[in-house]
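Asks: Provided herewith: upload_10.cif, mmCIF, C-alpha atoms.
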```
data_run
loop_
_atom_site.label_atom_id
_atom_site.label_comp_id
_atom_site.auth_asym_id
_atom_site.auth_seq_id
_atom_site.Cartn_x
_atom_site.Cartn_y
_atom_site.Cartn_z
CA MET A 1 107.19 104.79 96.02
CA THR A 2 110.38 106.71 95.26
CA VAL A 3 113.41 106.54 97.51
CA ASN A 4 115.77 109.55 97.46
CA ASP A 5 113.40 111.42 95.19
CA GLY A 6 115.25 113.96 93.06
CA VAL A 7 118.67 112.80 94.20
CA PRO A 8 120.96 111.14 91.67
CA GLY A 9 120.53 107.40 92.02
CA GLU A 10 116.91 107.59 93.14
CA ARG A 11 115.03 104.33 93.14
CA SER A 12 111.36 103.63 92.50
CA ILE A 13 109.78 100.69 94.26
CA SER A 14 106.36 99.24 93.63
CA VAL A 15 104.36 98.55 96.78
CA ALA A 16 101.73 96.62 94.90
CA CYS A 17 99.99 93.71 96.58
CA MET A 18 101.52 90.41 95.48
CA HIS A 19 98.21 88.54 95.94
CA CYS A 20 100.07 85.78 97.78
CA THR A 21 98.94 82.19 97.44
CA ASP A 22 99.17 81.81 101.21
CA ALA A 23 98.51 85.42 102.14
CA PRO A 24 99.68 86.37 105.65
CA CYS A 25 97.23 89.27 105.76
CA MET A 26 94.41 86.78 105.36
CA ALA A 27 95.84 84.61 108.10
CA VAL A 28 96.11 87.35 110.72
CA CYS A 29 92.94 89.33 110.05
CA PRO A 30 90.84 89.09 113.21
CA VAL A 31 87.60 89.90 111.41
CA ASP A 32 88.23 87.76 108.31
CA CYS A 33 87.64 90.57 105.88
CA PHE A 34 89.92 89.13 103.19
CA TYR A 35 88.81 86.88 100.38
CA ARG A 36 90.21 85.54 97.15
CA THR A 37 88.51 85.93 93.81
CA GLU A 38 88.21 83.27 91.13
CA ASP A 39 91.28 84.84 89.50
CA GLN A 40 93.23 84.43 92.78
CA ILE A 41 93.23 88.14 93.49
CA VAL A 42 93.30 88.91 97.22
CA LEU A 43 90.69 91.53 98.10
CA HIS A 44 89.07 92.75 101.28
CA ASP A 45 85.76 94.07 102.50
CA LYS A 46 86.15 97.57 103.91
CA ASP A 47 82.80 97.33 105.66
CA LEU A 48 84.32 94.64 107.89
CA CYS A 49 87.82 96.05 108.34
CA ILE A 50 88.40 97.55 111.78
CA GLY A 51 91.76 99.11 110.94
CA CYS A 52 93.68 97.10 113.53
CA GLY A 53 96.84 97.10 111.39
CA TYR A 54 97.68 93.41 111.85
CA CYS A 55 97.82 92.97 108.07
CA PHE A 56 100.28 95.86 107.86
CA TYR A 57 102.68 94.05 110.18
CA ALA A 58 102.10 90.66 108.56
CA CYS A 59 102.60 91.74 104.95
CA PRO A 60 106.24 91.37 103.85
CA PHE A 61 105.67 93.78 100.94
CA GLY A 62 104.17 96.77 102.76
CA ALA A 63 101.01 96.58 100.69
CA PRO A 64 98.37 97.48 103.30
CA GLN A 65 98.08 101.23 103.73
CA PHE A 66 96.29 103.24 106.38
CA PRO A 67 95.16 106.85 106.55
CA GLN A 68 98.00 109.04 107.73
CA ALA A 69 96.38 112.43 107.57
CA GLY A 70 95.52 112.79 111.25
CA ALA A 71 97.73 113.17 114.28
CA PHE A 72 98.33 110.74 117.15
CA GLY A 73 98.30 107.53 115.14
CA LEU A 74 94.91 107.99 113.58
CA ARG A 75 93.70 104.67 112.26
CA GLY A 76 91.18 103.98 109.55
CA LYS A 77 90.16 101.18 107.28
CA MET A 78 92.93 99.48 105.42
CA ASP A 79 93.46 100.29 101.79
CA LYS A 80 95.60 98.26 99.45
CA CYS A 81 96.33 97.54 95.83
CA THR A 82 93.36 95.62 94.50
CA PHE A 83 94.92 94.67 91.15
CA CYS A 84 92.32 97.19 89.97
CA ALA A 85 89.69 94.54 90.70
CA GLY A 86 87.52 96.58 93.07
CA GLY A 87 85.87 94.92 96.03
CA PRO A 88 82.80 92.97 97.03
CA GLU A 89 80.39 95.69 95.96
CA GLU A 90 78.58 95.40 92.66
CA ASN A 91 81.01 95.61 89.74
CA ASN A 92 81.65 99.15 88.52
CA SER A 93 79.09 100.59 90.90
CA VAL A 94 79.47 104.02 92.48
CA GLU A 95 79.86 102.38 95.88
CA GLU A 96 82.67 100.14 94.66
CA PHE A 97 84.48 103.05 93.05
CA ARG A 98 84.20 105.13 96.21
CA LYS A 99 85.67 102.43 98.42
CA TYR A 100 88.11 100.60 96.19
CA GLY A 101 88.70 102.64 93.07
CA ARG A 102 88.03 101.62 89.53
CA ASN A 103 87.35 97.97 88.72
CA ARG A 104 89.33 97.68 85.50
CA ILE A 105 89.41 93.89 85.60
CA ALA A 106 85.62 93.79 85.24
CA GLU A 107 86.07 96.00 82.18
CA GLY A 108 88.48 93.52 80.62
CA LYS A 109 91.48 95.74 81.31
CA LEU A 110 94.70 95.16 83.24
CA PRO A 111 95.75 97.20 86.30
CA ALA A 112 96.46 100.83 85.52
CA CYS A 113 100.01 100.75 86.91
CA ALA A 114 101.06 97.99 84.51
CA GLU A 115 99.31 99.40 81.50
CA MET A 116 100.64 102.91 82.07
CA CYS A 117 104.22 101.97 83.02
CA SER A 118 106.27 103.64 80.30
CA THR A 119 109.27 101.33 80.67
CA LYS A 120 107.18 98.21 81.17
CA ALA A 121 108.93 97.51 84.44
CA LEU A 122 105.52 96.63 85.85
CA LEU A 123 103.71 93.79 84.17
CA ALA A 124 100.37 92.23 85.03
CA GLY A 125 98.81 88.93 84.16
CA ASP A 126 99.01 85.23 84.75
CA ALA A 127 102.41 83.57 85.02
CA PRO A 128 102.43 82.30 81.40
CA VAL A 129 101.84 85.85 80.15
CA ILE A 130 104.69 87.31 82.18
CA THR A 131 106.98 84.41 81.27
CA THR A 132 106.29 84.90 77.58
CA ILE A 133 107.09 88.59 77.78
CA TYR A 134 110.38 87.97 79.60
CA LYS A 135 111.31 85.18 77.22
CA THR A 136 110.70 87.46 74.25
CA ARG A 137 112.81 90.18 75.84
CA VAL A 138 115.70 87.83 76.48
CA THR A 139 115.69 86.21 73.07
CA THR A 140 115.19 89.48 71.20
CA ARG A 141 117.90 91.36 73.04
CA GLY A 142 120.49 88.76 72.14
CA LYS A 143 121.03 86.96 75.41
CA GLY A 144 121.16 83.23 75.32
CA ASP A 145 121.20 80.51 77.91
CA GLU A 146 123.62 82.45 80.08
CA ILE A 147 120.82 84.78 81.14
CA TRP A 148 119.32 82.08 83.36
CA GLY A 149 120.64 80.36 86.40
CA TRP A 150 122.78 80.83 89.43
CA ALA A 151 125.82 82.29 87.73
CA MET A 152 123.96 85.21 86.21
CA ALA A 153 121.93 85.82 89.32
CA TYR A 154 124.78 85.82 91.80
CA LYS A 155 128.14 85.86 90.03
CA GLU A 156 127.92 87.33 86.57
CA SER A 157 125.20 89.88 87.18
CA GLY A 158 127.82 92.62 87.09
CA LYS A 159 127.92 92.11 83.36
CA LEU A 160 124.43 93.50 83.13
CA ALA A 161 125.36 96.72 84.89
CA ASP A 162 124.99 99.85 82.86
CA ALA A 163 128.11 101.38 81.39
CA ASN A 164 127.38 104.54 83.37
CA THR A 165 127.40 102.81 86.71
CA GLY A 166 130.55 100.85 86.02
CA PRO A 167 131.46 97.38 87.13
CA ALA A 168 131.86 98.36 90.77
CA ALA A 169 128.19 99.27 91.00
CA GLY A 170 127.03 96.03 89.40
CA GLY A 171 125.93 92.87 91.12
CA ALA A 172 127.79 91.39 94.04
CA LYS A 173 130.97 89.61 93.17
CA SER A 174 132.01 86.49 94.94
CA MET B 175 111.71 41.49 116.93
CA ILE B 176 114.20 43.19 114.64
CA ARG B 177 111.61 43.34 111.89
CA ALA B 178 109.08 44.94 114.20
CA LEU B 179 111.64 47.44 115.37
CA SER B 180 112.65 48.31 111.81
CA ILE B 181 109.01 48.80 110.80
CA ALA B 182 108.46 51.04 113.81
CA ALA B 183 111.64 53.01 113.01
CA ALA B 184 110.61 53.40 109.39
CA ALA B 185 107.17 54.58 110.40
CA LEU B 186 108.74 57.07 112.81
CA LEU B 187 111.14 58.39 110.17
CA LEU B 188 108.53 58.61 107.44
CA ALA B 189 106.16 60.42 109.76
CA ALA B 190 108.09 63.61 109.07
CA CYS B 191 107.62 63.25 105.33
CA HIS B 192 103.98 64.20 105.17
CA GLU B 193 102.98 67.81 105.08
CA ILE B 194 100.54 69.14 107.58
CA PRO B 195 98.26 71.81 106.10
CA GLN B 196 99.41 75.20 107.30
CA ASP B 197 96.27 77.05 106.35
CA ALA B 198 93.91 77.59 109.20
CA ALA B 199 90.26 77.58 108.30
CA LYS B 200 89.58 81.25 107.71
CA PRO B 201 86.06 81.76 106.51
CA TYR B 202 85.39 85.03 104.77
CA ALA B 203 82.82 86.91 106.74
CA GLY B 204 81.99 89.69 104.31
CA LYS B 205 79.73 90.28 101.37
CA GLU B 206 79.73 87.87 98.46
CA ASP B 207 81.63 89.30 95.51
CA THR B 208 80.31 88.96 92.02
CA LYS B 209 82.46 87.48 89.28
CA ALA B 210 84.52 89.94 87.29
CA TYR B 211 82.78 88.84 84.10
CA ALA B 212 79.31 89.06 85.58
CA GLY B 213 78.76 92.72 84.73
CA ASP B 214 77.30 94.45 81.68
CA MET B 215 80.57 94.20 79.79
CA PHE B 216 80.75 90.40 79.50
CA LYS B 217 77.32 89.27 80.73
CA GLY B 218 78.72 86.15 82.36
CA ASP B 219 80.76 85.03 79.36
CA LYS B 220 83.99 83.86 80.97
CA ALA B 221 85.68 82.97 77.68
CA LYS B 222 85.08 86.45 76.32
CA TYR B 223 86.42 87.96 79.53
CA GLU B 224 89.59 85.88 79.42
CA ALA B 225 90.09 86.69 75.74
CA ALA B 226 89.78 90.41 76.50
CA LEU B 227 92.42 90.19 79.22
CA ALA B 228 94.73 88.14 77.00
CA ASP B 229 94.41 90.69 74.19
CA ARG B 230 95.19 93.44 76.63
CA ALA B 231 98.22 91.57 77.97
CA LYS B 232 99.77 91.45 74.50
CA PHE B 233 100.23 95.20 74.57
CA GLN B 234 102.59 94.83 77.51
CA ASN B 235 105.07 92.98 75.34
CA ASP B 236 107.74 95.34 74.04
CA TYR B 237 108.15 93.16 70.99
CA SER B 238 104.56 92.36 70.17
CA PRO B 239 103.44 92.87 66.54
CA TYR B 240 101.50 95.91 67.73
CA ARG B 241 104.68 97.60 68.93
CA SER B 242 107.05 96.30 66.28
CA ALA B 243 104.68 97.64 63.61
CA GLY B 244 105.41 101.10 64.97
CA LEU B 245 109.15 100.45 65.06
CA ASN B 246 109.14 99.15 61.47
CA ALA B 247 107.31 102.25 60.35
CA GLN B 248 110.04 104.37 61.91
CA ALA B 249 112.78 102.31 60.27
CA ALA B 250 111.12 102.56 56.87
CA ALA B 251 110.85 106.33 57.08
CA PRO B 252 113.51 108.14 54.98
CA ALA B 253 116.43 109.33 57.03
CA ALA B 254 116.95 113.03 57.36
CA ALA B 255 119.50 114.49 54.96
CA PRO B 256 122.88 115.19 56.57
CA ALA B 257 123.42 118.80 57.43
CA LYS B 258 125.60 120.65 54.96
CA GLN B 259 128.57 122.49 56.22
#
```
Go through the file and emit its structure as structure tokens.
Replies:
Amino acid sequence: MTVNDGVPGERSISVACMHCTDAPCMAVCPVDCFYRTEDQIVLHDKDLCIGCGYCFYACPFGAPQFPQAGAFGLRGKMDKCTFCAGGPEENNSVEEFRKYGRNRIAEGKLPACAEMCSTKALLAGDAPVITTIYKTRVTTRGKGDEIWGWAMAYKESGKLADANTGPAAGGAKS
Amino acid sequence: MIRALSIAAAALLLAACHEIPQDAAKPYAGKEDTKAYAGDMFKGDKAKYEAALADRAKFQNDYSPYRSAGLNAQAAAPAAAPAKQ
């Protein structure tokens, strides 16, 4: 999602599902249409979903999406980021593709958003994979121990601000 | 008496230290999903499936050998001659 699209300073925000360990959408669903795969990916069964919207209100990341084409608050079955892992239909079947999109995980691929992200802002994988990538970035780009911890996160983050934005636009100073 | 009271107080204080499970029993009521590696691609071979994902994940690393090979090729290429004035 892009905020202030086309305006200088626009921001792009991913509304991908975070596949929470203790997923609030799962907790509030009145028809229990959510399940978790062996890889801890949170998916749902659209044949069960009644489109009540509880998951939309429960999710802190805005991941559940509903049809917005009709007037007067038209509701339909919930749709969300599946980590490109499809749904409970047979893997890579026509039915699964129609309801949930492509099941790239069953093809041994990562989610399309992460693999196609040109700046590699989006990454996909288990925590050790992501940690390794970040560690390589930090060590290769010349930052040392100062990149971690409270000071960089809350006090010195202004140092990371781009030269174009200037120090005033950097992180909050305290 | 004091000992009994202290044991009771300790029990009362420590009662707050255990964690009550927050997850309500939420059975999934839908269709059973097949494993991601159960299809034609991996034929149930979980190790092969995990290896495929791990290989794929390497390409996300800006500094993986796959990417740095491309960067090295660029660096090794002869620089363009400076424009004459």
Asks: List as number ranges by chain the protein and nucleic acid residues near Gly204 in chain B, meaning an atom at most 7 Å away when all atoms listed in the file are counted, but skip any in the same chain fewer than 6 places from it.
Replies: A: 33, 45, 48
Asks: Spell out the residues picked by the PyMOL selection byres ((chain B) within 6 of (chain A)) here, as an mmCIF file with C-alpha atoms, keeping the file's coordinate frame.
Replies:
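The result, stored in result_24.cif:
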```
data_model
loop_
_atom_site.group_PDB
_atom_site.id
_atom_site.type_symbol
_atom_site.label_atom_id
_atom_site.label_comp_id
_atom_site.auth_asym_id
_atom_site.auth_seq_id
_atom_site.Cartn_x
_atom_site.Cartn_y
_atom_site.Cartn_z
ATOM 1 C CA TYR B 202 85.390 85.030 104.770
ATOM 2 C CA ALA B 203 82.820 86.910 106.740
ATOM 3 C CA GLY B 204 81.990 89.690 104.310
ATOM 4 C CA LYS B 205 79.730 90.280 101.370
ATOM 5 C CA ASP B 207 81.630 89.300 95.510
ATOM 6 C CA ALA B 210 84.520 89.940 87.290
ATOM 7 C CA TYR B 211 82.780 88.840 84.100
ATOM 8 C CA ALA B 226 89.780 90.410 76.500
ATOM 9 C CA LEU B 227 92.420 90.190 79.220
ATOM 10 C CA ASN B 235 105.070 92.980 75.340
#
```
Asks: Quote the spacing between CA of Thr2 in chain A and CA of Val15 in chain A in Å to one decimal place.
Replies: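 These two atoms are separated by 10.3 Å.
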Asks: May I ask which of the residues B:Lys209, B:Tyr237, B:Glu224, B:Met215 is the closest one to Ile41 in chain A, counting only C-alpha atoms?
Replies: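 Answer, going by the shortest atom-to-atom distance: B:Lys209.
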Asks: Draw an axis-aligned box over all listed atoms of range 209-213 of chain B, pad each side with 4 Å, and write its centre and edge lengths in Å, one decimal, as lines of an AutoDock Vina configuration file.
Replies:
```
center_x = 81.6
center_y = 90.1
center_z = 86.7
size_x = 13.8
size_y = 13.2
size_z = 13.2
```
Asks: Would you compute the distance between CA of Arg75 in chain A and CA of Glu95 in chain A? Give it in Å to one decimal.
Replies: 21.6 Å
Asks: To one decimal in Å, tell me the separation between CA of Cys20 in chain A and CA of Ala63 in chain A.
Replies: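 CA of Cys20 in chain A sits 11.2 Å away from CA of Ala63 in chain A.
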Asks: Exactly which residues make up the result of the PyMOL selection byres ((chain A and resi 64-73) around 12) on this file, given as an MDAnalysis selection string?
Replies: chainID A and resid 15:19 24:26 29 34 42:44 46 49:63 74:82
Asks: Take the residues from that selection and write them out as a short mmCIF file (atom, residue, chain, number, x, y, z; two decimals), in the frame of the given file, keeping C-alpha atoms.
Replies:
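Result went into result24.cif, see below:
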```cif
data_model
loop_
_atom_site.label_atom_id
_atom_site.label_comp_id
_atom_site.auth_asym_id
_atom_site.auth_seq_id
_atom_site.Cartn_x
_atom_site.Cartn_y
_atom_site.Cartn_z
CA VAL A 15 104.36 98.55 96.78
CA ALA A 16 101.73 96.62 94.90
CA CYS A 17 99.99 93.71 96.58
CA MET A 18 101.52 90.41 95.48
CA HIS A 19 98.21 88.54 95.94
CA PRO A 24 99.68 86.37 105.65
CA CYS A 25 97.23 89.27 105.76
CA MET A 26 94.41 86.78 105.36
CA CYS A 29 92.94 89.33 110.05
CA PHE A 34 89.92 89.13 103.19
CA VAL A 42 93.30 88.91 97.22
CA LEU A 43 90.69 91.53 98.10
CA HIS A 44 89.07 92.75 101.28
CA LYS A 46 86.15 97.57 103.91
CA CYS A 49 87.82 96.05 108.34
CA ILE A 50 88.40 97.55 111.78
CA GLY A 51 91.76 99.11 110.94
CA CYS A 52 93.68 97.10 113.53
CA GLY A 53 96.84 97.10 111.39
CA TYR A 54 97.68 93.41 111.85
CA CYS A 55 97.82 92.97 108.07
CA PHE A 56 100.28 95.86 107.86
CA TYR A 57 102.68 94.05 110.18
CA ALA A 58 102.10 90.66 108.56
CA CYS A 59 102.60 91.74 104.95
CA PRO A 60 106.24 91.37 103.85
CA PHE A 61 105.67 93.78 100.94
CA GLY A 62 104.17 96.77 102.76
CA ALA A 63 101.01 96.58 100.69
CA LEU A 74 94.91 107.99 113.58
CA ARG A 75 93.70 104.67 112.26
CA GLY A 76 91.18 103.98 109.55
CA LYS A 77 90.16 101.18 107.28
CA MET A 78 92.93 99.48 105.42
CA ASP A 79 93.46 100.29 101.79
CA LYS A 80 95.60 98.26 99.45
CA CYS A 81 96.33 97.54 95.83
CA THR A 82 93.36 95.62 94.50
#
```
Asks: Pick the closest to Ser14 in chain A from A:Phe83, A:Ala112, A:Met1, A:Val138: which is it, counting only C-alpha atoms?
Replies: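 With only C-alpha atoms as the atom set, the closest residue is A:Met1.
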